[in-house]
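Containing mmCIF, C-alpha atoms and all ligand atoms: work-v3.cif.
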data_structure
loop_
_atom_site.label_atom_id
_atom_site.label_comp_id
_atom_site.auth_asym_id
_atom_site.auth_seq_id
_atom_site.Cartn_x
_atom_site.Cartn_y
_atom_site.Cartn_z
CA MET A 1 0.00 0.00 0.00
CA THR A 2 2.95 2.28 0.67
CA SER A 3 4.65 1.72 -2.69
CA SER A 4 4.46 4.88 -4.73
CA PRO A 5 4.18 4.65 -8.51
CA ASP A 6 7.31 4.94 -10.61
CA TRP A 7 6.89 7.66 -13.25
CA SER A 8 10.47 7.65 -14.56
CA TRP A 9 9.47 5.97 -17.83
CA HIS A 10 6.85 8.62 -18.59
CA ASP A 11 9.29 11.38 -17.76
CA GLU A 12 12.05 9.93 -19.93
CA MET A 13 9.66 9.47 -22.84
CA GLN A 14 8.34 12.99 -22.32
CA VAL A 15 4.76 11.79 -22.19
CA GLY A 16 2.14 12.67 -19.61
CA ARG A 17 1.81 10.64 -16.43
CA LEU A 18 -1.52 8.90 -16.26
CA ILE A 19 -3.53 6.45 -14.24
CA ASN A 20 -5.95 4.31 -16.22
CA VAL A 21 -9.24 3.58 -14.45
CA SER A 22 -11.21 3.44 -17.68
CA GLY A 23 -10.52 -0.15 -18.76
CA THR A 24 -8.42 -1.69 -21.51
CA MET A 25 -8.32 1.15 -24.01
CA THR A 26 -6.35 1.15 -27.25
CA ALA A 27 -5.85 4.90 -26.91
CA LEU A 28 -4.12 4.35 -23.55
CA GLY A 29 -1.96 1.43 -24.60
CA GLY A 30 -4.27 -1.55 -24.00
CA SER A 31 -3.31 -3.17 -20.71
CA ILE A 32 -0.22 -3.59 -18.58
CA THR A 33 1.52 -6.91 -18.96
CA ALA A 34 2.95 -9.16 -16.31
CA PRO A 35 6.77 -9.34 -16.18
CA ASP A 36 6.72 -12.85 -17.72
CA VAL A 37 4.89 -11.53 -20.77
CA ALA A 38 7.29 -8.64 -21.20
CA GLU A 39 10.18 -11.10 -20.84
CA ALA A 40 8.70 -13.42 -23.49
CA THR A 41 8.40 -10.58 -26.03
CA SER A 42 11.90 -9.36 -25.34
CA SER A 43 13.50 -12.83 -25.60
CA ALA A 44 11.99 -13.25 -29.04
CA MET A 45 13.38 -9.98 -30.34
CA SER A 46 16.97 -11.11 -30.77
CA ARG A 47 16.26 -14.49 -32.39
CA PHE A 48 15.02 -15.99 -35.63
CA VAL A 49 12.29 -18.56 -35.76
CA ARG A 50 10.09 -20.14 -38.44
CA ILE A 51 6.91 -18.13 -38.01
CA HIS A 52 4.66 -20.99 -39.19
CA GLU A 53 6.20 -23.23 -36.57
CA LEU A 54 5.74 -20.57 -33.88
CA GLN A 55 2.12 -20.05 -34.94
CA ALA A 56 1.62 -23.84 -34.68
CA ARG A 57 2.81 -23.63 -31.05
CA ALA A 58 0.42 -20.72 -30.54
CA SER A 59 -2.33 -22.92 -31.99
CA ASP A 60 -1.57 -25.60 -29.37
CA VAL A 61 -1.88 -23.07 -26.56
CA ILE A 62 -5.04 -21.54 -28.04
CA SER A 63 -6.58 -25.04 -28.20
CA GLU A 64 -5.71 -25.68 -24.59
CA LEU A 65 -7.09 -22.29 -23.54
CA THR A 66 -10.29 -22.25 -25.57
CA GLY A 67 -11.11 -25.86 -26.32
CA ALA A 68 -11.07 -25.01 -30.04
CA GLU A 69 -9.47 -27.27 -32.64
CA ALA A 70 -6.92 -24.66 -33.69
CA GLY A 71 -5.99 -20.99 -33.66
CA PHE A 72 -3.43 -18.37 -34.55
CA ILE A 73 -2.28 -14.91 -33.53
CA THR A 74 -2.82 -11.81 -35.61
CA ALA A 75 -2.36 -8.07 -35.17
CA SER A 76 -5.56 -7.33 -33.26
CA ALA A 77 -9.08 -8.58 -32.70
CA SER A 78 -10.22 -6.22 -35.42
CA ALA A 79 -7.79 -7.92 -37.82
CA GLY A 80 -9.06 -11.26 -36.55
CA ILE A 81 -12.62 -10.38 -37.56
CA THR A 82 -11.48 -9.42 -41.05
CA LEU A 83 -9.43 -12.61 -41.47
CA ALA A 84 -12.26 -14.76 -40.10
CA VAL A 85 -14.70 -13.28 -42.60
CA ALA A 86 -12.15 -13.71 -45.39
CA ALA A 87 -11.76 -17.38 -44.42
CA CYS A 88 -15.49 -17.88 -44.89
CA LEU A 89 -15.29 -16.24 -48.32
CA THR A 90 -12.30 -18.11 -49.77
CA GLY A 91 -11.77 -21.32 -47.86
CA LEU A 92 -8.31 -22.75 -48.57
CA ASP A 93 -8.15 -21.44 -52.16
CA PRO A 94 -5.07 -19.21 -52.48
CA ALA A 95 -6.25 -17.68 -55.76
CA ARG A 96 -9.47 -16.57 -54.11
CA ALA A 97 -7.56 -15.24 -51.11
CA GLU A 98 -5.42 -13.15 -53.45
CA ALA A 99 -8.54 -11.86 -55.19
CA LEU A 100 -9.87 -10.17 -52.02
CA PRO A 101 -11.25 -7.58 -51.63
CA ARG A 102 -12.04 -7.23 -55.35
CA GLU A 103 -13.78 -10.58 -55.78
CA PRO A 104 -15.46 -11.71 -52.61
CA GLY A 105 -17.32 -14.44 -54.53
CA ALA A 106 -20.97 -15.39 -54.91
CA LYS A 107 -21.45 -15.74 -51.16
CA ASP A 108 -20.49 -12.19 -50.28
CA GLN A 109 -22.64 -11.18 -47.31
CA VAL A 110 -22.22 -11.39 -43.55
CA ALA A 111 -25.40 -11.30 -41.49
CA VAL A 112 -25.18 -9.17 -38.33
CA GLN A 113 -27.97 -8.10 -36.00
CA LEU A 114 -28.42 -4.36 -36.37
CA GLY A 115 -28.09 -3.91 -32.60
CA HIS A 116 -24.63 -5.52 -32.85
CA LEU A 117 -23.27 -3.04 -35.39
CA CYS A 118 -21.25 -1.12 -32.86
CA GLY A 119 -17.90 0.60 -32.91
CA TYR A 120 -14.86 -0.10 -30.76
CA GLY A 121 -12.84 2.88 -31.99
CA ALA A 122 -13.70 1.91 -35.57
CA PRO A 123 -16.96 0.46 -36.90
CA VAL A 124 -17.17 -3.35 -36.68
CA SER A 125 -18.90 -3.22 -40.08
CA LEU A 126 -15.63 -1.96 -41.61
CA ALA A 127 -13.75 -4.98 -40.30
CA VAL A 128 -16.18 -7.07 -42.36
CA GLU A 129 -16.16 -4.83 -45.42
CA LEU A 130 -12.36 -4.77 -45.70
CA THR A 131 -12.68 -8.26 -47.16
CA GLY A 132 -14.93 -7.08 -49.97
CA ALA A 133 -17.98 -8.69 -48.35
CA SER A 134 -20.91 -6.57 -47.27
CA VAL A 135 -22.85 -6.50 -44.04
CA ARG A 136 -26.43 -7.72 -44.15
CA PRO A 137 -28.13 -6.08 -41.17
CA VAL A 138 -30.74 -8.16 -39.38
CA GLY A 139 -33.79 -6.68 -37.67
CA GLN A 140 -33.97 -3.25 -36.08
CA SER A 141 -31.60 -1.76 -33.54
CA THR A 142 -33.52 -2.99 -30.49
CA LEU A 143 -35.20 -6.07 -31.93
CA ALA A 144 -33.98 -8.94 -34.07
CA MET A 145 -36.33 -11.85 -34.66
CA ASP A 146 -35.54 -15.42 -35.64
CA HIS A 147 -37.33 -15.21 -38.99
CA GLN A 148 -35.43 -12.03 -39.91
CA PHE A 149 -32.13 -13.72 -39.22
CA ALA A 150 -33.11 -16.88 -41.11
CA HIS A 151 -34.18 -14.74 -44.07
CA ALA A 152 -30.77 -13.04 -44.18
CA LEU A 153 -29.06 -16.44 -44.43
CA ASP A 154 -29.80 -16.92 -48.10
CA GLU A 155 -27.57 -18.08 -50.96
CA ARG A 156 -25.38 -14.97 -50.57
CA ALA A 157 -24.59 -15.56 -46.89
CA ALA A 158 -20.94 -16.36 -46.28
CA ALA A 159 -21.06 -16.06 -42.49
CA ALA A 160 -22.99 -14.68 -39.54
CA LEU A 161 -21.23 -12.44 -37.06
CA TYR A 162 -22.17 -12.21 -33.39
CA VAL A 163 -20.69 -9.32 -31.40
CA VAL A 164 -20.30 -9.48 -27.63
CA SER A 165 -19.64 -6.04 -26.19
CA HIS A 166 -20.83 -3.41 -23.75
CA HIS A 167 -21.31 -1.31 -26.90
CA VAL A 168 -24.08 -3.49 -28.39
CA VAL A 169 -27.77 -3.20 -27.60
CA HIS A 170 -28.42 -5.37 -24.58
CA TYR A 171 -31.99 -6.41 -25.18
CA GLY A 172 -34.05 -7.67 -28.05
CA GLN A 173 -31.10 -9.51 -29.60
CA ILE A 174 -31.09 -13.20 -30.52
CA PRO A 175 -29.44 -15.25 -27.74
CA PHE A 176 -26.19 -16.87 -28.81
CA GLU A 177 -27.39 -20.49 -28.67
CA ARG A 178 -30.40 -19.68 -30.85
CA PHE A 179 -28.19 -17.67 -33.24
CA VAL A 180 -25.94 -20.70 -33.75
CA GLU A 181 -28.89 -23.02 -34.19
CA ILE A 182 -30.47 -20.88 -36.91
CA ALA A 183 -27.17 -20.27 -38.72
CA HIS A 184 -26.12 -23.92 -38.65
CA ASP A 185 -29.56 -25.01 -39.87
CA LYS A 186 -28.75 -23.00 -42.97
CA GLY A 187 -25.16 -24.25 -43.15
CA VAL A 188 -23.71 -20.81 -42.40
CA PRO A 189 -20.64 -20.54 -40.12
CA VAL A 190 -20.82 -18.33 -37.01
CA ILE A 191 -18.02 -15.89 -36.18
CA VAL A 192 -17.97 -14.38 -32.69
CA ASP A 193 -16.30 -11.11 -31.81
CA ALA A 194 -15.54 -11.76 -28.14
CA ALA A 195 -12.58 -9.38 -28.04
CA SER A 196 -13.22 -8.20 -24.53
CA GLU A 197 -14.57 -11.35 -22.87
CA TYR A 198 -13.14 -13.43 -20.04
CA ASP A 199 -15.10 -16.48 -21.16
CA LEU A 200 -12.62 -18.18 -23.45
CA GLN A 201 -14.47 -21.48 -23.84
CA GLY A 202 -18.21 -20.85 -23.78
CA PHE A 203 -18.64 -19.71 -27.38
CA VAL A 204 -16.64 -22.59 -28.85
CA GLU A 205 -18.56 -24.98 -26.62
CA ALA A 206 -21.85 -23.48 -27.77
CA GLY A 207 -20.97 -24.11 -31.42
CA ALA A 208 -19.14 -21.01 -32.67
CA ASP A 209 -17.07 -21.77 -35.77
CA LEU A 210 -14.54 -18.98 -35.19
CA VAL A 211 -14.08 -16.83 -32.08
CA ILE A 212 -11.90 -13.76 -31.82
CA TYR A 213 -10.28 -12.39 -28.65
CA SER A 214 -7.88 -9.54 -27.92
CA ALA A 215 -4.60 -10.55 -26.30
CA HIS A 216 -4.12 -7.05 -24.89
CA LYS A 217 -7.34 -6.72 -22.92
CA PHE A 218 -8.05 -8.73 -19.77
CA MET A 219 -5.35 -11.24 -20.64
CA GLY A 220 -2.68 -8.57 -20.30
CA GLY A 221 -0.73 -9.58 -23.39
CA PRO A 222 0.97 -7.48 -26.06
CA THR A 223 -1.22 -5.91 -28.75
CA ALA A 224 -2.49 -8.90 -30.71
CA GLY A 225 -5.63 -10.76 -31.70
CA ILE A 226 -6.40 -14.41 -31.06
CA VAL A 227 -8.43 -16.37 -33.60
CA ALA A 228 -9.74 -19.74 -32.39
CA GLY A 229 -12.08 -22.25 -33.93
CA ARG A 230 -12.67 -24.99 -36.48
CA ARG A 231 -9.41 -26.23 -37.97
CA ASP A 232 -10.46 -25.76 -41.61
CA LEU A 233 -11.60 -22.19 -41.06
CA VAL A 234 -8.59 -21.30 -38.90
CA ARG A 235 -6.33 -22.56 -41.69
CA ALA A 236 -8.28 -20.53 -44.25
CA ALA A 237 -8.04 -17.43 -42.05
CA TYR A 238 -4.28 -17.93 -41.64
CA LEU A 239 -3.94 -18.29 -45.41
CA GLN A 240 -5.09 -14.67 -45.77
CA ASN A 241 -1.56 -13.64 -44.81
CA ILE A 242 -0.75 -14.05 -48.52
CA GLY A 243 -3.36 -11.40 -49.27
CA ILE A 244 -5.26 -8.84 -47.26
CA GLY A 245 -3.80 -10.21 -44.03
CA ARG A 246 -0.31 -8.98 -44.86
CA GLY A 247 -0.92 -5.55 -43.42
CA MET A 248 -2.32 -7.20 -40.31
CA LYS A 249 0.68 -9.39 -39.70
CA VAL A 250 2.06 -10.02 -36.29
CA GLY A 251 5.73 -10.42 -35.41
CA LYS A 252 7.51 -13.10 -33.38
CA GLU A 253 7.55 -10.84 -30.32
CA SER A 254 3.78 -10.48 -30.24
CA ILE A 255 3.20 -14.18 -30.88
CA CYS A 256 5.54 -15.07 -28.00
CA GLY A 257 4.01 -12.44 -25.74
CA ALA A 258 0.51 -13.67 -26.53
CA ILE A 259 1.54 -17.27 -25.83
CA ALA A 260 2.96 -16.20 -22.47
CA ALA A 261 -0.17 -14.22 -21.64
CA MET A 262 -2.42 -17.18 -22.48
CA LYS A 263 -0.33 -19.52 -20.34
CA LEU A 264 -0.38 -17.06 -17.45
CA TRP A 265 -4.13 -16.66 -17.78
CA MET A 266 -4.55 -20.41 -17.28
CA GLN A 267 -2.53 -20.22 -14.04
CA ARG A 268 -3.78 -16.86 -12.83
CA ASP A 269 -5.23 -16.72 -9.33
CA HIS A 270 -8.48 -15.11 -10.46
CA VAL A 271 -9.86 -15.03 -6.91
CA ALA A 272 -6.88 -13.01 -5.68
CA VAL A 273 -7.16 -10.61 -8.62
CA ARG A 274 -10.83 -10.02 -7.88
CA ALA A 275 -10.06 -9.47 -4.20
CA ARG A 276 -7.52 -6.81 -5.12
CA GLU A 277 -9.98 -5.13 -7.46
CA SER A 278 -12.67 -5.27 -4.81
CA GLU A 279 -10.37 -3.60 -2.30
CA ALA A 280 -9.82 -0.67 -4.67
CA LEU A 281 -13.56 -0.36 -5.35
CA GLU A 282 -14.33 -0.25 -1.63
CA MET A 283 -11.57 2.31 -1.01
CA TRP A 284 -13.00 4.63 -3.68
CA LYS A 285 -16.59 4.08 -2.60
CA LYS A 286 -15.73 4.98 0.96
CA ALA A 287 -13.73 8.02 -0.14
CA VAL A 288 -16.60 9.63 -2.06
CA GLY A 289 -19.39 8.19 0.09
CA THR A 290 -20.27 11.34 2.03
CA LEU A 291 -19.69 13.99 -0.64
CA PRO A 292 -22.83 16.00 -1.44
CA GLY A 293 -24.46 15.21 -4.77
CA VAL A 294 -22.32 12.09 -5.26
CA HIS A 295 -23.62 8.55 -5.08
CA ALA A 296 -21.26 5.66 -5.75
CA ARG A 297 -22.20 2.04 -6.25
CA ARG A 298 -20.57 -1.09 -7.57
CA VAL A 299 -22.01 -2.29 -10.87
CA PRO A 300 -21.44 -5.58 -12.65
CA ASP A 301 -19.86 -5.71 -16.11
CA PRO A 302 -22.65 -5.49 -18.72
CA THR A 303 -21.49 -8.53 -20.69
CA GLY A 304 -21.14 -10.70 -17.61
CA ASN A 305 -17.36 -10.63 -17.23
CA PRO A 306 -16.40 -11.36 -13.61
CA LEU A 307 -15.57 -7.74 -12.95
CA GLU A 308 -17.23 -4.86 -11.15
CA ARG A 309 -16.74 -1.15 -11.60
CA LEU A 310 -17.55 1.76 -9.35
CA GLN A 311 -20.28 3.90 -10.84
CA VAL A 312 -20.02 7.48 -9.57
CA GLU A 313 -23.40 9.12 -10.08
CA ILE A 314 -23.51 12.89 -9.96
CA ASP A 315 -26.42 15.11 -9.05
CA ALA A 316 -25.09 18.17 -10.88
CA ASP A 317 -27.34 20.66 -9.04
CA VAL A 318 -25.89 19.61 -5.71
CA ALA A 319 -22.34 18.71 -6.76
CA GLY A 320 -21.90 21.93 -8.74
CA ALA A 321 -20.91 20.35 -12.05
CA ASP A 322 -22.02 17.43 -14.19
CA ALA A 323 -20.43 14.01 -14.53
CA ALA A 324 -18.75 14.93 -17.83
CA SER A 325 -17.13 18.00 -16.29
CA PHE A 326 -15.76 15.95 -13.38
CA ALA A 327 -14.46 13.30 -15.77
CA ARG A 328 -12.66 15.98 -17.77
CA ALA A 329 -11.28 17.63 -14.63
CA LEU A 330 -9.83 14.30 -13.48
CA GLY A 331 -8.23 13.90 -16.90
CA ARG A 332 -6.56 17.32 -16.63
CA ARG A 333 -4.69 16.45 -13.43
CA ASN A 334 -1.08 15.37 -13.19
CA PRO A 335 -1.00 12.42 -13.15
CA ALA A 336 -4.14 12.38 -15.27
CA ILE A 337 -6.87 10.12 -13.93
CA ILE A 338 -8.64 8.66 -16.96
CA VAL A 339 -12.10 7.46 -15.96
CA ARG A 340 -14.60 5.43 -17.94
CA ASP A 341 -16.87 8.00 -19.53
CA HIS A 342 -18.74 6.10 -22.29
CA GLU A 343 -22.12 6.79 -20.70
CA VAL A 344 -21.34 10.11 -19.10
CA GLU A 345 -24.36 11.90 -20.54
CA LEU A 346 -26.48 9.65 -18.32
CA GLY A 347 -25.01 11.43 -15.30
CA TYR A 348 -22.24 9.12 -14.18
CA PHE A 349 -18.73 7.95 -14.85
CA GLN A 350 -17.21 4.65 -13.85
CA LEU A 351 -13.92 3.52 -12.36
CA ASP A 352 -12.44 0.29 -13.65
CA PRO A 353 -9.97 -1.35 -11.25
CA CYS A 354 -8.46 -3.90 -13.64
CA ASN A 355 -5.42 -1.95 -14.84
CA LEU A 356 -4.08 -0.43 -11.63
CA ALA A 357 -0.38 -0.40 -10.92
CA PRO A 358 0.81 -0.71 -7.31
CA GLY A 359 0.17 2.42 -5.28
CA GLN A 360 -2.30 3.95 -7.73
CA ALA A 361 -5.61 3.10 -6.01
CA PRO A 362 -5.09 5.58 -3.11
CA MET A 363 -4.00 8.28 -5.58
CA VAL A 364 -7.28 7.80 -7.42
CA ALA A 365 -9.20 8.07 -4.13
CA ASP A 366 -7.47 11.33 -3.20
CA ALA A 367 -7.96 12.82 -6.66
CA LEU A 368 -11.65 11.89 -6.66
CA VAL A 369 -12.29 13.61 -3.37
CA GLU A 370 -10.36 16.71 -4.39
CA GLU A 371 -12.14 17.13 -7.72
CA LEU A 372 -15.60 16.15 -6.55
CA LYS A 373 -15.41 18.81 -3.86
CA ARG A 374 -14.58 21.51 -6.38
CA GLY A 375 -17.70 21.22 -8.52
CA ALA A 376 -18.60 24.88 -8.22
CA GLU A 377 -15.09 26.01 -9.26
CA LEU A 378 -14.91 23.85 -12.40
CA PRO A 379 -15.11 25.65 -15.74
CA ASP A 380 -18.72 26.11 -16.72
CA GLU A 381 -18.96 23.83 -19.74
CA ALA A 382 -22.78 23.87 -19.73
CA GLY A 383 -23.47 20.60 -21.49
CA SER A 384 -20.51 20.93 -23.84
CA ALA A 385 -18.37 18.59 -21.75
CA GLY A 386 -20.64 15.68 -22.69
CA ALA A 387 -20.36 16.51 -26.38
CA ALA A 388 -16.59 16.84 -26.02
CA VAL A 389 -16.43 13.34 -24.55
CA ARG A 390 -18.64 11.97 -27.31
CA ASN A 391 -16.61 13.54 -30.12
CA GLY A 392 -13.31 13.27 -28.32
CA GLY A 393 -12.04 10.10 -29.99
CA VAL A 394 -12.02 11.66 -33.44
CA ARG A 395 -11.03 15.11 -32.14
CA ALA A 396 -7.83 13.61 -30.75
CA TYR A 397 -6.90 12.32 -34.21
CA LEU A 398 -7.67 15.65 -35.86
CA ASP A 399 -5.67 17.55 -33.25
CA TRP A 400 -2.65 15.29 -33.52
CA LEU A 401 0.38 17.22 -34.95
CA LYS A 402 -1.94 20.04 -35.91
CA PRO A 403 0.06 23.17 -36.75
CA GLN A 404 -0.47 25.68 -33.96
C1 LIG B 1 -11.74 -4.00 -28.29
C2 LIG B 1 -12.71 -4.64 -29.16
C3 LIG B 1 -12.41 -4.89 -30.50
C4 LIG B 1 -11.12 -4.46 -31.11
O1 LIG B 1 -10.09 -5.17 -30.55
P1 LIG B 1 -8.59 -4.86 -30.98
O2 LIG B 1 -7.86 -6.08 -30.54
O3 LIG B 1 -8.18 -3.65 -30.22
O4 LIG B 1 -8.59 -4.68 -32.44
C5 LIG B 1 -13.33 -5.52 -31.28
N1 LIG B 1 -14.52 -5.90 -30.78
C6 LIG B 1 -14.86 -5.69 -29.50
C7 LIG B 1 -16.17 -6.17 -29.00
C8 LIG B 1 -13.96 -5.05 -28.65
O5 LIG B 1 -14.29 -4.84 -27.38
#

Can you present the structure in this file as structure tokens?
Ligand SMILES: *Cc1c(COP(=O)(O)O)cnc(C)c1O
Amino acid sequence: MTSSPDWSWHDEMQVGRLINVSGTMTALGGSITAPDVAEATSSAMSRFVRIHELQARASDVISELTGAEAGFITASASAGITLAVAACLTGLDPARAEALPREPGAKDQVAVQLGHLCGYGAPVSLAVELTGASVRPVGQSTLAMDHQFAHALDERAAAALYVVSHHVVHYGQIPFERFVEIAHDKGVPVIVDAASEYDLQGFVEAGADLVIYSAHKFMGGPTAGIVAGRRDLVRAAYLQNIGIGRGMKVGKESICGAIAAMKLWMQRDHVAVRARESEALEMWKKAVGTLPGVHARRVPDPTGNPLERLQVEIDADVAGADAASFARALGRRNPAIIVRDHEVELGYFQLDPCNLAPGQAPMVADALVEELKRGAELPDEAGSAGAAVRNGGVRAYLDWLKPQ
């Protein structure tokens, strides 16, 4: 508890100190890896290896981890979705793989429930369309019915994609088991985007043909995607490295880091990790508990991951500023405290405990109390703070290296 964070790396790199309580965010560098994972990436750097052989070892570990027949590592989960779709278009035909995205073939559509067409920093639909296939939306945003899905699985259907995410609509969607049943009835393979899920076996067990995970989210690996599933489709997805997959390639260091992260995940003391997370949540909850206009409660992860977050609900009239303004104020500190602000226009932000470094939890508690007490002094952003959060992802790109 007494260890204080080491900021020397940030200072040397001349980048801002920050504490991530928002979750595993690409824009913040994914997750922090365990020393064994860092060691595995660094050992690979100074050596040669046959990449196919290394990917075969990765496949063994993916099988052990997920129960799938086979798997491989690619650049990201987003790349994994693209390669999985491409596999369903071309099979093991190298000429067809080379013809993507120009010639997706006669089966050139991927059925996706409209409520699943979310973004994770980029639209999931684009990950499909990069192959040359098009998305066939199913149902309406808040309701997809069995007959609508079955209808979309016609002679043009190459695959059906199921997205598991806090970003998708959480009601009115076809349950996974039913989705698989309908797709398989029509002979259409099911791809699952489970990038951010702890459950590494359930989808394969329930009949998914290909499942995609991120190595750099809860698993704490280097930036990489894990594709797992039916051997024939995994092989066809891997084949795409001769075509559109080239720009999504992964190096030896990421393959080795991902292997190490998967092995560690299988040995991880998940109970101890949860206990540590719970301790941070309670510390923060207690810290803000008596502040006027602030109500904090633990909320479960919306997709059922074994993880809770602290939801800090703000009554702006009493607290003196709205949730978006507090989130921004925390982000302006040094070190910056980056909170989870996806739903901030609903009047709350959340604190995610899964990426804390030693000594950071008490710093977050102190910062929370300090900022939440200063509501009346915060810049009056009168509703604009929410819009800034909403548009912020793109704004940051447009502002990057902008001439002053
Ligand atoms: C994070 C995420 C992605 C993208 O994963 P990357 O590995 O960063 O490309 C895709 N889908 C979902 C549901 C995600 O949460």

Checklist entry - Using all atoms listed in the file, which of the listed residues (A:Gly29, A:Gly386, A:Pro35, A:Gly187) sits closest to ligand LIG 1 (chain B)? => result A:Gly29

Determine the axis-aligned bounding box of all atoms of stretch 239-255 of chain A present in the file, pad each side by 3 Å, and express its centre and edge lengths in Å to one decimal place as JSON.
{"center_x": 1.1, "center_y": -11.9, "center_z": -39.8, "size_x": 18.8, "size_y": 18.7, "size_z": 25.0}

Show me, as a Markdown table, the residues of chain A having an atom within 8 Å of ligand LIG 1 (chain B), each with the closest atom pair and its distance in Å, using only C-alpha atoms and all ligand atoms.
| residue | atom | partner | partner_atom | distance |
| --- | --- | --- | --- | --- |
| A:Thr24 | CA | B:LIG1 | C1 | 7.9 |
| A:Met25 | CA | B:LIG1 | C1 | 7.5 |
| A:Thr26 | CA | B:LIG1 | O3 | 5.9 |
| A:Gly30 | CA | B:LIG1 | O3 | 7.6 |
| A:Ala75 | CA | B:LIG1 | O2 | 7.5 |
| A:Ser76 | CA | B:LIG1 | O2 | 3.8 |
| A:Ala77 | CA | B:LIG1 | O2 | 3.5 |
| A:Ser78 | CA | B:LIG1 | O4 | 3.7 |
| A:Ala79 | CA | B:LIG1 | O4 | 6.3 |
| A:Gly80 | CA | B:LIG1 | O4 | 7.8 |
| A:Ile81 | CA | B:LIG1 | C5 | 8.0 |
| A:Gly119 | CA | B:LIG1 | N1 | 7.6 |
| A:Tyr120 | CA | B:LIG1 | C2 | 5.3 |
| A:Gly121 | CA | B:LIG1 | C4 | 7.6 |
| A:Val124 | CA | B:LIG1 | N1 | 7.0 |
| A:Val163 | CA | B:LIG1 | C7 | 6.0 |
| A:Val164 | CA | B:LIG1 | C7 | 5.5 |
| A:Ser165 | CA | B:LIG1 | C7 | 4.5 |
| A:His166 | CA | B:LIG1 | C7 | 7.5 |
| A:His167 | CA | B:LIG1 | C7 | 7.4 |
| A:Asp193 | CA | B:LIG1 | N1 | 5.6 |
| A:Ala194 | CA | B:LIG1 | C7 | 5.7 |
| A:Ala195 | CA | B:LIG1 | C6 | 4.6 |
| A:Ser196 | CA | B:LIG1 | O5 | 4.5 |
| A:Glu197 | CA | B:LIG1 | O5 | 7.9 |
| A:Tyr213 | CA | B:LIG1 | O2 | 7.0 |
| A:Ser214 | CA | B:LIG1 | O2 | 4.3 |
| A:Ala215 | CA | B:LIG1 | O2 | 7.0 |
| A:His216 | CA | B:LIG1 | O2 | 6.8 |
| A:Lys217 | CA | B:LIG1 | C1 | 7.5 |
| A:Thr223 | CA | B:LIG1 | O2 | 6.9 |
| A:Ala224 | CA | B:LIG1 | O2 | 6.1 |
| A:Gly225 | CA | B:LIG1 | O2 | 5.3 |

Item to check | Minimum-distance residue to A:Lys107, chosen among A:Ala329, A:Glu129, A:Ala157, A:Pro137 (using all atoms listed in the file) | outcome: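 Among A:Ala329, A:Glu129, A:Ala157, A:Pro137, it is A:Ala157 that comes nearest to A:Lys107.
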
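Near A:Ala95, within a cut-off of 10 Å and counting only C-alpha atoms, sit the residues Thr90, Ala99, Leu100, Ile242 and Gly243 of chain A, with same-chain residues fewer than 4 positions away left out.
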
Checklist entry - If you count only C-alpha atoms, which residues fall within 9 Å of A:Glu277, apart from same-chain ones fewer than 5 positions away, as a list of chain:residue names? => result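 Listed by chain and then number, they are A:Ala272, A:Glu282, A:Leu307, A:Glu308, A:Arg309, A:Asp352, A:Pro353, A:Cys354, A:Leu356.
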
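Between A:Ala68 and the residues A:His184, A:Arg230, A:His10, A:Arg50, the shortest atom-to-atom distance, using all atoms listed in the file, involves A:Arg230.
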
Item to check | 12 Å contact set for A:Gly202, all atoms listed in the file, chain neighbours under 2 positions out, as a ChimeraX atom specification | outcome: /A:65-68,176-177,192,194,197-200,204-208,211,229

Next on the checklist: Using Å and a single decimal, report how far atom CA of A:Gly91 sits from atom CA of A:Ile51.
Outcome noted: 21.4 Å

Checklist entry - What separation in Å, quoted to one decimal, exists between atom CA of A:Leu281 and atom CA of A:Pro358? => result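 Going from atom CA of A:Leu281 over to atom CA of A:Pro358 covers 14.5 Å.
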
Checklist entry - atom CA of A:Gln173 to atom CA of A:Gln148: how many Å, to one decimal? => result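 Atom CA of A:Gln173 sits 11.5 Å away from atom CA of A:Gln148.
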